[in-house]
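The file upload12.txt contains compact mmCIF, C-alpha atoms:
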# COMPACT_ATOMS: atom_id res chain seq x y z
CA MET A 29 -23.64 0.29 7.27
CA ARG A 30 -23.90 -2.04 4.28
CA THR A 31 -26.45 -4.83 4.16
CA GLY A 32 -27.27 -7.30 1.41
CA THR A 33 -24.43 -6.28 -0.90
CA ILE A 34 -21.02 -7.66 -1.76
CA PRO A 35 -18.44 -6.07 0.60
CA PRO A 36 -16.32 -3.48 -1.24
CA VAL A 37 -13.07 -5.30 -0.45
CA VAL A 38 -14.44 -8.56 -1.89
CA ALA A 39 -15.64 -6.80 -5.05
CA ALA A 40 -12.24 -5.15 -5.51
CA ARG A 41 -10.33 -8.40 -4.98
CA TRP A 42 -12.54 -10.23 -7.45
CA ALA A 43 -12.11 -7.46 -10.03
CA LEU A 44 -8.33 -7.45 -9.60
CA TRP A 45 -7.85 -11.20 -9.76
CA MET A 46 -10.28 -11.62 -12.65
CA PHE A 47 -8.27 -9.00 -14.55
CA VAL A 48 -5.09 -11.00 -13.92
CA ILE A 49 -6.63 -14.37 -14.76
CA VAL A 50 -8.23 -13.15 -17.99
CA ASN A 51 -4.97 -11.65 -19.19
CA LEU A 52 -3.01 -14.78 -18.25
CA LEU A 53 -5.45 -16.87 -20.28
CA ILE A 54 -5.07 -14.52 -23.27
CA VAL A 55 -1.26 -14.64 -23.02
CA GLU A 56 -1.25 -18.43 -22.82
CA ALA A 57 -3.62 -18.70 -25.79
CA LEU A 58 -1.32 -16.45 -27.82
CA PHE A 59 1.68 -18.52 -26.70
CA LEU A 60 0.03 -21.75 -27.88
CA THR A 61 -0.93 -20.30 -31.25
CA ALA A 62 2.32 -18.42 -31.99
CA GLY A 63 4.46 -21.49 -32.64
CA THR A 64 7.34 -23.10 -30.78
CA GLY A 65 10.90 -21.94 -30.22
CA LYS A 66 14.06 -23.29 -31.87
CA ASN A 67 14.02 -26.24 -29.47
CA GLY A 68 11.99 -27.47 -26.52
CA VAL A 69 14.04 -25.66 -23.90
CA LEU A 70 13.70 -22.31 -25.68
CA THR A 71 9.96 -22.88 -25.99
CA VAL A 72 9.68 -23.29 -22.21
CA ALA A 73 11.95 -20.25 -21.77
CA LYS A 74 9.55 -18.20 -23.89
CA PHE A 75 6.65 -19.39 -21.71
CA PHE A 76 8.38 -18.09 -18.56
CA GLY A 77 9.39 -14.87 -20.29
CA LEU A 78 5.80 -14.06 -21.25
CA HIS A 79 4.59 -14.71 -17.71
CA ALA A 80 7.40 -12.54 -16.32
CA ALA A 81 6.07 -9.71 -18.50
CA VAL A 82 2.53 -10.18 -17.12
CA LEU A 83 3.91 -10.11 -13.57
CA MET A 84 5.69 -6.84 -14.33
CA LEU A 85 2.44 -5.31 -15.55
CA PHE A 86 0.61 -6.55 -12.46
CA GLN A 87 3.30 -4.98 -10.27
CA LEU A 88 2.64 -1.60 -11.90
CA LEU A 89 -1.07 -1.84 -11.08
CA LEU A 90 -0.40 -2.78 -7.45
CA VAL A 91 1.71 0.35 -6.85
CA ALA A 92 -0.27 2.73 -9.07
CA ARG A 93 -2.37 3.83 -6.05
CA LEU A 94 -5.58 3.66 -8.02
CA PRO A 95 -8.26 5.21 -5.77
CA TRP A 96 -10.89 2.56 -6.49
CA LEU A 97 -8.56 -0.25 -5.38
CA ASP A 98 -6.87 1.64 -2.55
CA ARG A 99 -10.12 2.62 -0.80
CA ARG A 100 -11.41 -0.93 -0.91
CA ILE A 101 -8.30 -3.06 -0.36
CA GLY A 102 -5.90 -0.63 1.33
CA MET A 103 -2.35 0.37 0.50
CA ASP A 104 -0.94 -1.96 3.16
CA ARG A 105 -2.51 -5.07 1.61
CA LEU A 106 -1.62 -3.97 -1.91
CA THR A 107 1.97 -3.44 -0.75
CA VAL A 108 2.12 -6.96 0.72
CA TRP A 109 0.88 -8.38 -2.58
CA HIS A 110 3.42 -6.24 -4.43
CA ARG A 111 6.19 -7.74 -2.29
CA TRP A 112 5.21 -11.36 -2.93
CA VAL A 113 4.54 -10.79 -6.63
CA GLY A 114 7.99 -9.18 -6.75
CA PHE A 115 9.72 -12.29 -5.43
CA THR A 116 7.63 -14.44 -7.79
CA LEU A 117 8.82 -12.18 -10.61
CA LEU A 118 12.43 -12.68 -9.48
CA TRP A 119 12.27 -16.47 -9.76
CA THR A 120 10.30 -16.32 -13.02
CA VAL A 121 12.91 -14.02 -14.59
CA LEU A 122 15.82 -16.16 -13.35
CA THR A 123 14.14 -19.31 -14.67
CA HIS A 124 13.60 -17.63 -18.03
CA ALA A 125 17.24 -16.48 -18.19
CA VAL A 126 18.72 -19.87 -17.26
CA LEU A 127 16.51 -21.67 -19.78
CA VAL A 128 17.47 -19.23 -22.55
CA VAL A 129 21.18 -19.85 -21.95
CA LEU A 130 20.63 -23.61 -21.68
CA GLY A 131 18.49 -23.69 -24.81
CA TYR A 132 21.06 -21.88 -26.95
CA ALA A 133 23.89 -23.93 -25.43
CA ARG A 134 22.14 -27.07 -26.61
CA LEU A 135 21.36 -25.54 -29.97
CA ASP A 136 25.00 -24.57 -30.58
CA ASP A 137 26.48 -27.56 -28.72
CA ALA A 138 28.49 -25.17 -26.53
CA SER A 139 29.04 -24.67 -22.80
CA MET A 140 26.62 -22.46 -20.87
CA THR A 141 29.45 -20.07 -19.94
CA LYS A 142 30.46 -19.58 -23.57
CA THR A 143 26.81 -19.21 -24.59
CA PHE A 144 26.19 -16.64 -21.85
CA PHE A 145 28.99 -14.37 -23.05
CA ALA A 146 27.92 -14.86 -26.67
CA LEU A 147 24.37 -13.73 -25.79
CA ALA A 148 25.76 -10.77 -23.86
CA GLY A 149 27.17 -9.54 -27.15
CA VAL A 150 23.68 -9.36 -28.66
CA PRO A 151 22.01 -5.98 -27.80
CA ALA A 152 18.51 -7.46 -27.32
CA SER A 153 19.81 -10.14 -24.97
CA LEU A 154 22.02 -7.65 -23.12
CA LEU A 155 18.96 -5.50 -22.37
CA GLY A 156 17.23 -8.52 -20.83
CA MET A 157 20.32 -9.34 -18.78
CA GLY A 158 20.44 -5.76 -17.49
CA ALA A 159 16.78 -5.91 -16.44
CA ALA A 160 17.32 -9.25 -14.71
CA ALA A 161 20.40 -7.95 -12.87
CA ILE A 162 18.48 -4.94 -11.53
CA ILE A 163 15.61 -7.17 -10.36
CA VAL A 164 18.08 -9.41 -8.52
CA VAL A 165 19.71 -6.42 -6.79
CA VAL A 166 16.38 -4.91 -5.72
CA ALA A 167 15.14 -8.30 -4.46
CA ALA A 168 18.34 -8.72 -2.45
CA VAL A 169 17.98 -5.35 -0.68
CA SER A 170 14.26 -6.04 -0.11
CA ALA A 171 14.96 -9.21 1.90
CA ARG A 172 13.81 -8.51 5.46
CA ASN A 173 17.22 -8.87 7.13
CA VAL A 174 18.81 -6.45 4.65
CA ARG A 175 15.88 -4.05 4.45
CA ARG A 176 15.86 -3.48 8.22
CA ARG A 177 19.45 -2.25 8.12
CA LEU A 178 18.91 0.29 5.37
CA ARG A 179 17.50 3.79 5.71
CA TYR A 180 14.15 4.08 4.00
CA GLU A 181 15.54 6.72 1.61
CA THR A 182 18.40 4.38 0.57
CA TRP A 183 16.09 1.44 0.03
CA HIS A 184 13.59 3.57 -1.86
CA GLY A 185 16.28 4.99 -4.14
CA LEU A 186 17.46 1.49 -5.04
CA HIS A 187 13.85 0.36 -5.48
CA LEU A 188 13.30 3.07 -8.08
CA LEU A 189 15.79 1.23 -10.30
CA LEU A 190 12.94 -1.16 -11.05
CA TYR A 191 11.52 1.43 -13.42
CA LEU A 192 14.76 1.25 -15.38
CA ALA A 193 14.43 -2.54 -15.35
CA LEU A 194 10.90 -2.25 -16.72
CA GLY A 195 12.13 -0.02 -19.54
CA LEU A 196 14.94 -2.42 -20.43
CA ALA A 197 12.59 -5.40 -20.26
CA PHE A 198 10.04 -3.66 -22.50
CA VAL A 199 12.61 -2.96 -25.23
CA HIS A 200 13.97 -6.49 -24.80
CA GLN A 201 10.47 -7.88 -25.44
CA LEU A 202 9.98 -5.73 -28.52
CA GLN A 203 13.19 -7.06 -30.05
CA GLU A 204 13.02 -10.69 -28.96
CA THR A 205 9.46 -11.98 -28.67
CA THR A 206 7.56 -13.35 -31.64
CA THR A 207 4.40 -14.18 -29.70
CA PHE A 208 3.00 -10.66 -29.86
CA SER A 209 4.19 -9.87 -33.35
CA SER A 210 2.61 -12.99 -34.84
CA SER A 211 -0.63 -11.16 -35.70
CA ALA A 212 -2.13 -7.68 -35.67
CA PRO A 213 -4.64 -8.48 -32.84
CA ALA A 214 -1.81 -9.88 -30.68
CA MET A 215 0.27 -6.75 -31.23
CA ILE A 216 -2.67 -4.43 -30.48
CA TYR A 217 -3.45 -6.38 -27.30
CA TRP A 218 0.14 -6.25 -26.05
CA TRP A 219 0.57 -2.54 -26.67
CA ALA A 220 -2.82 -1.78 -25.08
CA LEU A 221 -1.89 -3.77 -21.96
CA TRP A 222 1.42 -1.96 -21.51
CA LEU A 223 -0.14 1.44 -22.17
CA PHE A 224 -2.89 0.70 -19.63
CA ALA A 225 -0.42 -0.36 -16.93
CA PHE A 226 2.00 2.53 -17.50
CA GLY A 227 -0.90 4.95 -17.83
CA ALA A 228 -2.35 3.82 -14.50
CA LEU A 229 1.03 4.25 -12.82
CA VAL A 230 1.75 7.69 -14.27
CA THR A 231 -1.79 8.90 -13.52
CA GLY A 232 -1.87 7.61 -9.94
CA ARG A 233 1.67 8.46 -8.88
CA ILE A 234 2.40 11.67 -10.84
CA VAL A 235 -0.52 13.29 -12.67
CA MET A 236 -3.13 13.09 -9.90
CA PRO A 237 -0.88 14.30 -7.03
CA VAL A 238 0.51 17.18 -9.10
CA TRP A 239 -2.96 18.22 -10.29
CA ARG A 240 -4.48 18.06 -6.81
CA ASN A 241 -1.74 20.17 -5.28
CA ALA A 242 -1.95 22.74 -8.06
CA TYR A 243 -5.74 22.86 -7.70
CA HIS A 244 -6.04 22.89 -3.88
CA ARG A 245 -2.82 24.83 -3.03
CA PHE A 246 -2.42 23.35 0.45
CA GLU A 247 -1.07 25.70 3.13
CA VAL A 248 -0.22 25.34 6.84
CA THR A 249 -2.56 27.45 8.99
CA ALA A 250 -1.61 26.32 12.50
CA VAL A 251 0.90 24.15 14.36
CA VAL A 252 -0.39 23.02 17.75
CA PRO A 253 1.77 21.06 20.25
CA GLU A 254 -0.42 18.39 21.86
CA SER A 255 2.30 17.18 24.26
CA ASP A 256 6.08 17.14 24.53
CA GLU A 257 6.32 14.56 21.72
CA VAL A 258 3.12 15.08 19.74
CA VAL A 259 2.10 17.91 17.44
CA SER A 260 -0.90 18.66 15.25
CA VAL A 261 -0.58 20.48 11.93
CA HIS A 262 -3.65 22.17 10.44
CA VAL A 263 -3.70 22.57 6.66
CA THR A 264 -6.15 24.48 4.51
CA GLY A 265 -6.55 24.97 0.77
CA ARG A 266 -8.89 25.91 -2.04
CA HIS A 267 -12.03 23.86 -2.70
CA LEU A 268 -11.25 21.26 -0.03
CA ASP A 269 -14.90 20.20 -0.20
CA ARG A 270 -13.95 18.57 -3.53
CA LEU A 271 -11.07 16.56 -2.07
CA PRO A 272 -12.35 12.95 -1.80
CA ALA A 273 -11.07 12.41 1.74
CA ARG A 274 -12.79 10.35 4.43
CA ALA A 275 -12.29 9.92 8.14
CA GLY A 276 -9.79 7.12 8.82
CA GLN A 277 -7.69 7.78 5.73
CA PHE A 278 -4.13 9.03 5.60
CA CYS A 279 -2.08 11.22 3.31
CA ILE A 280 1.60 11.32 2.42
CA TRP A 281 2.84 14.71 3.55
CA ARG A 282 5.76 16.81 2.35
CA PHE A 283 6.57 20.32 3.54
CA PRO A 284 8.89 22.03 1.00
CA GLY A 285 11.57 24.05 2.73
CA HIS A 286 11.19 22.03 5.92
CA ASN A 287 12.83 18.85 4.58
CA HIS A 288 14.21 17.48 1.35
CA TRP A 289 11.51 16.71 -1.22
CA TRP A 290 12.15 12.96 -0.99
CA LEU A 291 11.47 12.92 2.78
CA ALA A 292 7.80 12.16 3.29
CA ASN A 293 5.67 10.49 5.93
CA PRO A 294 2.24 8.88 5.92
CA PHE A 295 0.17 10.58 8.62
CA SER A 296 -3.49 9.86 9.30
CA LEU A 297 -6.11 12.57 9.29
CA SER A 298 -6.78 13.14 12.99
CA ALA A 299 -10.06 14.93 12.32
CA ALA A 300 -12.81 14.10 9.85
CA PRO A 301 -12.47 16.26 6.70
CA ASP A 302 -14.96 19.13 6.89
CA GLY A 303 -14.35 20.68 3.46
CA ARG A 304 -12.33 23.56 4.96
CA THR A 305 -9.28 22.13 6.75
CA LEU A 306 -7.25 18.95 7.17
CA ARG A 307 -5.44 18.00 10.35
CA LEU A 308 -2.62 15.56 10.97
CA THR A 309 -1.31 14.62 14.41
CA ALA A 310 2.11 12.99 14.67
CA LYS A 311 4.48 11.69 17.30
CA ALA A 312 8.19 12.56 17.11
CA VAL A 313 9.67 9.20 16.12
CA GLY A 314 12.00 10.37 13.34
CA SER A 315 13.70 13.48 12.00
CA THR A 316 10.77 14.38 9.74
CA SER A 317 7.99 14.00 12.31
CA ALA A 318 10.10 15.51 15.11
CA GLY A 319 10.56 18.71 13.10
CA LEU A 320 6.87 19.26 12.35
CA ARG A 321 6.46 21.63 15.31
CA HIS A 322 8.93 23.99 13.63
CA ILE A 323 7.01 24.37 10.35
CA PRO A 324 6.22 28.07 9.80
CA VAL A 325 2.56 28.98 9.55
CA GLY A 326 1.77 29.99 5.98
CA SER A 327 4.23 27.57 4.39
CA ARG A 328 3.14 25.32 1.53
CA ALA A 329 2.35 21.65 1.95
CA PHE A 330 2.50 18.96 -0.73
CA VAL A 331 -0.13 16.30 -0.06
CA GLU A 332 -0.49 12.92 -1.74
CA GLY A 333 -3.70 11.10 -1.19
CA PRO A 334 -5.97 10.55 0.55
CA TYR A 335 -5.27 6.83 0.79
CA GLY A 336 -6.49 3.90 2.83
CA ALA A 337 -9.38 1.55 3.42
CA PHE A 338 -9.68 2.21 7.17
CA THR A 339 -13.06 3.92 6.71
CA SER A 340 -16.75 3.49 7.38
CA LEU A 341 -17.15 2.31 3.77
CA HIS A 342 -16.62 -1.20 5.14
CA ARG A 343 -19.12 -1.09 8.00
CA THR A 344 -21.40 -4.13 8.21
CA ARG A 345 -22.86 -3.96 11.74
CA PRO A 346 -24.73 -1.27 13.72
CA GLY A 347 -22.31 -1.51 16.65
CA ALA A 348 -18.62 -0.61 16.46
CA LEU A 349 -15.53 -1.32 18.56
CA LEU A 350 -12.59 1.01 17.89
CA ILE A 351 -9.23 -0.16 19.29
CA ALA A 352 -6.29 2.24 19.27
CA GLY A 353 -2.76 2.15 20.61
CA GLY A 354 -0.65 5.27 21.15
CA VAL A 355 -0.80 7.73 18.27
CA GLY A 356 -2.97 5.17 16.43
CA ILE A 357 -5.82 7.06 18.06
CA THR A 358 -5.68 9.64 15.24
CA PRO A 359 -7.75 7.81 12.59
CA VAL A 360 -10.00 6.41 15.33
CA ARG A 361 -10.69 9.90 16.61
CA ALA A 362 -11.57 10.97 13.05
CA LEU A 363 -13.89 7.97 12.64
CA LEU A 364 -15.73 8.96 15.83
CA GLU A 365 -16.82 12.18 14.14
CA GLU A 366 -18.61 10.13 11.49
CA GLU A 367 -20.16 7.81 14.08
CA PRO A 368 -23.86 8.56 14.63
CA ALA A 369 -25.30 8.46 18.13
CA GLY A 370 -25.42 4.81 19.05
CA ASP A 371 -23.47 1.83 20.18
CA VAL A 372 -19.74 2.59 19.96
CA VAL A 373 -16.95 1.45 22.28
CA VAL A 374 -13.37 2.75 22.20
CA LEU A 375 -10.43 0.90 23.77
CA TYR A 376 -7.41 3.21 23.99
CA ARG A 377 -4.12 1.53 25.01
CA VAL A 378 -1.36 3.80 26.40
CA ARG A 379 1.41 3.56 28.98
CA SER A 380 -0.12 6.28 31.15
CA GLU A 381 -2.92 8.79 30.92
CA ASN A 382 -0.33 11.49 30.18
CA ASP A 383 0.51 9.60 26.97
CA ALA A 384 -3.13 9.55 25.82
CA VAL A 385 -2.99 11.91 22.84
CA LEU A 386 -6.25 13.74 22.02
CA VAL A 387 -7.99 11.94 24.89
CA ASP A 388 -10.08 14.99 25.82
CA GLU A 389 -11.39 15.24 22.26
CA VAL A 390 -12.14 11.52 22.25
CA ARG A 391 -14.03 11.78 25.55
CA ALA A 392 -16.12 14.65 24.22
CA LEU A 393 -17.01 12.79 21.03
CA ILE A 394 -17.86 9.64 23.00
CA ALA A 395 -20.07 11.62 25.38
CA ASP A 396 -21.95 13.21 22.48
CA ARG A 397 -22.64 9.78 20.99
CA GLY A 398 -23.54 7.93 24.15
CA GLY A 399 -20.65 5.50 23.78
CA ARG A 400 -18.02 4.09 26.15
CA LEU A 401 -14.30 4.78 26.44
CA HIS A 402 -11.92 2.38 28.20
CA LEU A 403 -8.47 3.88 28.77
CA LEU A 404 -6.14 0.88 29.16
CA THR A 405 -2.97 2.10 30.86
CA GLY A 406 0.20 0.33 31.95
CA ARG A 407 3.34 -1.12 30.44
CA THR A 408 3.37 -4.50 28.76
CA GLY A 409 4.19 -7.13 31.39
CA GLU A 410 3.30 -4.89 34.33
CA THR A 411 -0.44 -5.38 34.00
CA SER A 412 -2.67 -8.20 32.84
CA PRO A 413 -2.72 -8.35 29.03
CA PRO A 414 -5.69 -6.19 27.94
CA PHE A 415 -6.09 -7.86 24.55
CA GLU A 416 -6.33 -11.49 25.60
CA PRO A 417 -9.66 -13.14 24.70
CA ASP A 418 -11.02 -13.11 28.27
CA SER A 419 -10.06 -9.47 28.76
CA LEU A 420 -11.68 -8.31 25.52
CA VAL A 421 -14.88 -10.26 26.19
CA ALA A 422 -15.06 -8.78 29.70
CA LEU A 423 -14.82 -5.27 28.26
CA VAL A 424 -17.05 -5.87 25.22
CA PRO A 425 -19.25 -8.96 25.73
CA ASP A 426 -20.92 -8.63 22.31
CA ILE A 427 -17.64 -8.22 20.41
CA THR A 428 -18.60 -10.78 17.75
CA GLU A 429 -21.63 -8.65 16.84
CA ARG A 430 -19.61 -5.52 16.13
CA ASP A 431 -17.39 -4.09 13.43
CA VAL A 432 -13.90 -3.90 14.94
CA TYR A 433 -11.40 -1.24 13.82
CA VAL A 434 -7.79 -1.66 14.98
CA CYS A 435 -4.95 0.84 14.66
CA GLY A 436 -1.75 0.93 16.67
CA PRO A 437 1.85 -0.28 16.85
CA PRO A 438 2.54 -3.42 14.77
CA ALA A 439 2.95 -5.70 17.81
CA MET A 440 -0.32 -4.54 19.36
CA THR A 441 -2.19 -4.79 16.08
CA SER A 442 -0.96 -8.34 15.52
CA THR A 443 -1.98 -9.35 19.04
CA VAL A 444 -5.46 -7.90 18.67
CA LEU A 445 -6.02 -9.52 15.27
CA SER A 446 -4.89 -12.87 16.65
CA THR A 447 -7.32 -12.54 19.55
CA LEU A 448 -10.19 -11.61 17.23
CA ARG A 449 -9.52 -14.77 15.23
CA ARG A 450 -9.58 -16.85 18.42
CA LEU A 451 -12.87 -15.23 19.39
CA LYS A 452 -14.21 -16.08 15.93
CA VAL A 453 -15.11 -12.50 15.06
CA PRO A 454 -16.15 -12.73 11.37
CA HIS A 455 -13.33 -11.63 9.08
CA ARG A 456 -15.56 -9.19 7.20
CA GLN A 457 -16.17 -7.31 10.48
CA VAL A 458 -12.45 -6.77 11.21
CA HIS A 459 -10.77 -3.69 9.78
CA ALA A 460 -7.09 -2.93 10.32
CA GLU A 461 -4.51 -1.05 8.33
CA ARG A 462 -0.77 -0.78 8.84
CA PHE A 463 0.39 2.62 7.67
CA GLY A 464 3.76 2.73 5.93
CA LEU A 465 5.49 3.37 2.62
CA ALA A 466 7.69 0.24 2.42

Rewrite the coordinates I just gave you, this time as structure tokens.
Amino acid sequence: MRTGTIPPVVAARWALWMFVIVNLLIVEALFLTAGTGKNGVLTVAKFFGLHAAVLMLFQLLLVARLPWLDRRIGMDRLTVWHRWVGFTLLWTVLTHAVLVVLGYARLDDASMTKTFFALAGVPASLLGMGAAAIIVVVAAVSARNVRRRLRYETWHGLHLLLYLALGLAFVHQLQETTTFSSSAPAMIYWWALWLFAFGALVTGRIVMPVWRNAYHRFEVTAVVPESDEVVSVHVTGRHLDRLPARAGQFCIWRFPGHNHWWLANPFSLSAAPDGRTLRLTAKAVGSTSAGLRHIPVGSRAFVEGPYGAFTSLHRTRPGALLIAGGVGITPVRALLEEEPAGDVVVLYRVRSENDAVLVDEVRALIADRGGRLHLLTGRTGETSPPFEPDSLVALVPDITERDVYVCGPPAMTSTVLSTLRRLKVPHRQVHAERFGLA
């Protein structure tokens, strides 16, 4: 439990936004000192182009999966920011492109259509147009109505085109911009910023996962059916005591030979890491998770992570309320192992007791710690809503004095978070994470 210090999530957010603000101020100072464009419209176009470049760099940092940020802010929140920054980038790039065409049309006293095709004949401009076109396509398939109709693998494959767009945009900037070639310090700054952003991405997404898997050599040691639809997979490896995993976190799991390499799922650790083994517990909701029970013992596992901010790092109060729905019990069960003897309450929402995965383990851990478990059974609509304000207060009268951890289906999580706001539970005491890759 932390007392008298800045919460980790607040410190991380301040660090991230200060980084962005400082770099925006530097870019704008360089813009003001580098001179104007060939006319007023092209000057404004250059302004938007520079800010589009900064947004691209920020996007790289948000998806780099830097451990310091991920463990404090959480991949789910970083992904939401990535989405909104992405749409901001779309409109900034389109504004830049339209202003460039308009500016040259005025300069040459020609129509915008004629100017557009004339610019398309210039290699530097064509690179920028290619980058803009890719960004438009990716934004279109990322719109919620379209995204829901695409398989994750299809959407992800199209999304990877953004790296091509970044490459095209980078070369376009090198050939077109004068702002960062106006002086040696400006050029050094711009190259350092791009190298930092690309370096963070390559380190977090490629170098670190490859190194960890080569070092730990993860291997499946047991596959245990927990019910007809739920299975636990136990994984071991070398030097697991050096893997920086915590209870409540999740990993992205691949099992070579079981599925294609691009098929991966984020599964929570369903037991606190003990330095010897890792355990995931999954429900059969897709082809990848449904086939886990058929993984041969002794097969290799490729593990990315651990990721997530759903940990005791963010504890602020001595008492804890852990709310789980369905297979969302897995990180909660892991957190219970870290919970010292004391005041802990678990609310476990399932349709029936037969659907309560790992409930015997949860009961044993609760008994050891002198806590309370409330198994909330029944279908939605058949029983009184268990997560309405009156219901939660009846179960946990001192709810506003506790840290509250929530993990479950999206609808349940949203309902619980809404209720906690109505009960005026301080925001810093509420911890929830939505696990997903998109």

Nearest residue to Gly265 in chain A from the set A:His402, A:His244, A:Lys452, A:Arg377 (distances using only C-alpha atoms) | A:His244

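The spacing separating CA of Ile163 in chain A from CA of Gly195 in chain A amounts to 12.1 Å.
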
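Once Pro253 in chain A and its same-chain neighbours fewer than 3 positions away are set aside, Ala250, Asp256, Glu257, Val258, Val259, Ser260, Val261, His262, Leu308, Thr309, Ala310, Lys311, Ala312, Ala318, Gly319, Leu320, Arg321, His322, Ile323, Val385 and Leu386 of chain A remain within 12 Å of it when counting all atoms listed in the file.
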
To one decimal place, how far is CA of His124 in chain A from CA of Gly227 in chain A in Å?
-> 26.8 Å

Identify, on the basis of only C-alpha atoms, every residue whose closest approach to range 216-225 of chain A does not exceed 10 Å; exclude the query and any residue fewer than 5 positions from it along the same chain; express the result as an mmCIF file with C-alpha atoms, in the frame of the given file.
data_model
loop_
_atom_site.group_PDB
_atom_site.id
_atom_site.type_symbol
_atom_site.label_atom_id
_atom_site.label_comp_id
_atom_site.auth_asym_id
_atom_site.auth_seq_id
_atom_site.Cartn_x
_atom_site.Cartn_y
_atom_site.Cartn_z
ATOM 1 C CA ASN A 51 -4.970 -11.650 -19.190
ATOM 2 C CA ILE A 54 -5.070 -14.520 -23.270
ATOM 3 C CA VAL A 55 -1.260 -14.640 -23.020
ATOM 4 C CA ALA A 81 6.070 -9.710 -18.500
ATOM 5 C CA VAL A 82 2.530 -10.180 -17.120
ATOM 6 C CA MET A 84 5.690 -6.840 -14.330
ATOM 7 C CA LEU A 85 2.440 -5.310 -15.550
ATOM 8 C CA PHE A 86 0.610 -6.550 -12.460
ATOM 9 C CA GLN A 87 3.300 -4.980 -10.270
ATOM 10 C CA LEU A 88 2.640 -1.600 -11.900
ATOM 11 C CA LEU A 89 -1.070 -1.840 -11.080
ATOM 12 C CA LEU A 90 -0.400 -2.780 -7.450
ATOM 13 C CA ALA A 92 -0.270 2.730 -9.070
ATOM 14 C CA PHE A 198 10.040 -3.660 -22.500
ATOM 15 C CA THR A 207 4.400 -14.180 -29.700
ATOM 16 C CA PHE A 208 3.000 -10.660 -29.860
ATOM 17 C CA SER A 209 4.190 -9.870 -33.350
ATOM 18 C CA SER A 211 -0.630 -11.160 -35.700
ATOM 19 C CA VAL A 230 1.750 7.690 -14.270
ATOM 20 C CA THR A 231 -1.790 8.900 -13.520
#

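Excluding Thr405 in chain A itself and any same-chain residue fewer than 2 positions from it, the protein and nucleic acid residues within 7 Å of it, counting all atoms listed in the file, are A:Arg377, A:Val378, A:Arg379, A:Ser380, A:Glu381, A:Leu403.
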
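Straight-line separation from CA of Pro237 in chain A to CA of Ala159 in chain A: 28.4 Å.
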
Nearby residues (all atoms listed in the file) at most 12 Å from Asp431 in chain A, same-chain spacing under 4 positions excluded, as a PyMOL selection string | chain A and resi 29-30+338-351+371-374+424+426-427+448+453-460

Contacts of range 94-103 of chain A within 12 Å, only C-alpha atoms, excl. fewer than 6 positions in-chain, as a PyMOL selection string = chain A and resi 34-45+88+109-110+225+227-237+272-280+294+332-343+459-466

Give as a PyMOL selection string the set of residues within 8 Å of the point (18.1, -6.4, -20.6), where distances use the file's coordinates and all atoms listed in the file.
-> chain A and resi 152-160+193+196-197+199-200

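With distances taken over all atoms listed in the file, A:Thr116 is the one residue among A:Thr61, A:Thr143, A:Ser296, A:Thr116 lying closest to Ala167 in chain A.
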
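Closest approach to Leu451 in chain A among A:Val164, A:Leu186, A:Val421, A:Val174: A:Val421, based on only C-alpha atoms.
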
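The shortest atom-to-atom distance to Asp418 in chain A, with all atoms listed in the file taken into account, belongs to A:Thr447 out of A:Thr64, A:Thr305, A:Thr441, A:Thr447.
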
Residue with smallest distance to Thr206 in chain A - pool A:Gly354, A:Lys74, A:Leu423, A:Ala57, counting all atoms listed in the file = A:Lys74

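Remark: for Glu365 in chain A, the closest of the candidate residues A:Asp104, A:Glu254, A:Glu389, A:Glu56 is A:Glu389 (distances computed over all atoms listed in the file).
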
Could you pull range 250-266 of chain A out of the block above and give me C-alpha atoms, as a CSV table (one decimal), in the first residue's frame?
chain,number,residue,atom,x,y,z
A,250,ALA,CA,0.9,-29.5,-17.9
A,251,VAL,CA,-2.6,-28.9,-19.4
A,252,VAL,CA,-5.4,-29.2,-16.9
A,253,PRO,CA,-9.1,-29.1,-17.8
A,254,GLU,CA,-10.9,-27.0,-15.2
A,255,SER,CA,-14.4,-27.6,-16.7
A,256,ASP,CA,-15.9,-28.4,-20.0
A,257,GLU,CA,-15.1,-25.0,-21.4
A,258,VAL,CA,-12.1,-23.9,-19.3
A,259,VAL,CA,-8.5,-25.1,-19.3
A,260,SER,CA,-5.3,-24.2,-17.5
A,261,VAL,CA,-1.9,-24.4,-19.1
A,262,HIS,CA,1.2,-24.5,-16.9
A,263,VAL,CA,4.4,-23.2,-18.4
A,264,THR,CA,7.9,-23.4,-17.0
A,265,GLY,CA,11.3,-22.1,-18.2
A,266,ARG,CA,14.8,-21.1,-17.2
